[in-house]
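Colleague: I have a structure I would like to understand better, so I am pasting it below and will then ask my questions one at a time.
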Amino acid sequence: MNSASLSVLPKRLEWIDWMKAIGMYFIVSGHFFSFGDKYIYVFSVPLFFVISGFLSKKETNLRAFWNKIWFNYAVPLLLISTINYSIGCFDLLIKGKLEFMTFVWFVRNVMFGLNAGFGVCWFVYTLILLKIIFQFCPNRNCFYLLTPLMLFFTYVYNHIDLTGYPFFLKEPNVFVCVFTAYPFFALGVFANQYRNLLNTYNKNGVIISLLFISLALLYLSGKCNDYVLMHKCGYGGNLLWFLMGGIAGSCFVFALSKLLRITSKSINIISRGTIIILGFHFYFINWIREILSESYLDYAFAAIILMLFIPIILLAEKYFPLIIGKYRSNH
């Protein structure tokens, strides 16, 4: 890239980098299934849908839109899922448990968008669907007005008897996950209208107040609601606490990120490689679990795992950029 191209690149939003890095820390921490994970699940996944909505924009060129969907999301999703599946098959082969049906189930899960085929990367597939809906909605107001409908579908899906329904509706799948993810993605799209205000706002008193208020609401949401399992379209049983918890947690991470006005190359790298961390962090967790049982040290291990991914991300960007996404750009 020449100097002329660099001069027109927009300035990177460092607080977004911090939000993504902090959010990924909580994702990894939550997957230890350790102390306090119930409170982490209140906001960790909603936070990333808010961030994704904030960073989304409509493309005037449909070819450019589909290129970005393919290279930024679909290709990394397929590569990571295939790598994880291949490693799983190799492990079964060593144990003498690999069967032909293992291949059949993988193809079936991927074809029908079942979370079992994508693991933790169900988030990426769901995000693709949300971006497609956003792109083809006539306008923003139409997009926002779909939110109550999505919440209604969320409630209905969690309260109807699925006996007799096709298997791809009864098993956790990305299409149903759109219902629970939609309000947070829409919130991010709405917040994008105030991008400049959010970027320049630096009144510490207000930000600190937001930090503590949102933390209190986050605690109440975790206390009053059941486990939020968004990969199963689960909202914890109470839609109001579900929405409040996701919003409060996102505000908490936003306030914390605005207070951390430190330029960090490591945070920038982690932010660029969240899809790599999402796809492969479970290997580190599993190795740790083979040695140590559940403890408060899990939160320290989560931070160490993020640091271990820094060289992995740099190597991927240099030698295997497709797994990161071809159309990467500044925020």
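Following the order of the structure tokens, chains are lettered A, B, ..., residues in each are numbered from 1, and ligands are numbered from 1.
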Give me, as an MDAnalysis selection string, the residues of segment 49-269 of chain A that a backbone DSSP run labels helix (DSSP H, G or I).

Modeller: chainID A and resid 49:55 62:94 100:111 115:117 119:136 140:159 167:170 174:200 204:224 230:232 239:259 265:269

Colleague: Would you list the contacts of segment 315-321 of chain A as a PyMOL selection string, taking every protein, DNA or RNA residue within 12 Å and counting only C-alpha atoms, but skipping same-chain residues closer than 6 positions in sequence?

Modeller: chain A and resi 71-72+75-76+79-80+269-270+272-273+275-277+309+327-328

Colleague: Could you build a table of the residues in segment 211-274 of chain A lying no more than 9 Å from segment 143-155 of chain A, giving for each the nearest pair of atoms and their separation in Å rounded to one decimal place, using only C-alpha atoms, ordered by chain and ascending residue number, as JSON lines?

Modeller:
{"residue": "A:Cys233", "atom": "CA", "partner": "A:Thr154", "partner_atom": "CA", "distance": 6.8}
{"residue": "A:Gly234", "atom": "CA", "partner": "A:Thr154", "partner_atom": "CA", "distance": 8.0}
{"residue": "A:Tyr235", "atom": "CA", "partner": "A:Thr154", "partner_atom": "CA", "distance": 8.0}
{"residue": "A:Gly237", "atom": "CA", "partner": "A:Tyr155", "partner_atom": "CA", "distance": 8.6}
{"residue": "A:Leu239", "atom": "CA", "partner": "A:Tyr155", "partner_atom": "CA", "distance": 7.8}

Colleague: Find the distance between atom CA of Arg261 of chain A and atom CA of Phe212 of chain A and write it in Å to one decimal.

Modeller: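 Atom CA of Arg261 of chain A sits 18.2 Å away from atom CA of Phe212 of chain A.
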
Colleague: Give me the residues near segment 243-256 of chain A as a ChimeraX atom specification, where near means some atom within 8 Å (using only C-alpha atoms) and where sequence neighbours in that chain fewer than 3 positions away do not count.

Modeller: /A:15,19,22-23,42-44,46-47,50,184,207-208,210-212,214-215,217-218,220-222,239-240,259-260

Colleague: Please produce a file of those selected residues containing C-alpha atoms, as a tab-separated table (two decimals), in the first residue's frame.

Modeller:
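Produced file result.tsv, reproduced below:
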chain	number	residue	atom	x	y	z
A	15	TRP	CA	-11.69	2.56	22.22
A	19	MET	CA	-13.94	-2.94	23.67
A	22	ILE	CA	-12.03	-6.66	26.77
A	23	GLY	CA	-15.03	-8.41	25.25
A	42	VAL	CA	-25.34	-11.69	30.56
A	43	PHE	CA	-23.34	-9.40	28.27
A	44	SER	CA	-20.31	-11.04	26.61
A	46	PRO	CA	-24.55	-9.20	23.24
A	47	LEU	CA	-21.53	-6.88	23.47
A	50	VAL	CA	-23.51	-4.29	19.55
A	184	PHE	CA	-28.20	-5.75	20.20
A	207	ILE	CA	-18.02	8.13	32.09
A	208	ILE	CA	-17.17	6.90	35.61
A	210	LEU	CA	-21.87	5.29	33.62
A	211	LEU	CA	-19.31	2.65	34.57
A	212	PHE	CA	-20.73	2.10	38.06
A	214	SER	CA	-24.04	-0.07	34.27
A	215	LEU	CA	-22.08	-2.44	36.51
A	217	LEU	CA	-27.52	-3.04	36.43
A	218	LEU	CA	-25.36	-5.83	35.04
A	220	LEU	CA	-28.96	-7.13	38.94
A	221	SER	CA	-29.59	-8.68	35.55
A	222	GLY	CA	-27.38	-11.63	36.36
A	239	LEU	CA	-36.75	-10.62	28.20
A	240	LEU	CA	-36.50	-7.33	30.12
A	259	LEU	CA	-11.21	5.45	30.45
A	260	LEU	CA	-8.32	3.32	29.16

Colleague: Measuring atom to atom with only C-alpha atoms, identify which of A:Ser81, A:Ser293, A:Thr274, A:Thr102 is nearest to Ala21 of chain A.

Modeller: A:Thr274

Colleague: So that I can check the surroundings of Phe284 of chain A, please list as a ChimeraX atom specification every protein, DNA and RNA residue that reaches within 12 Å of it, counting only C-alpha atoms and ignoring chain neighbours fewer than 2 positions away.

Modeller: /A:28-29,31-32,277-282,286-291,298,301-309
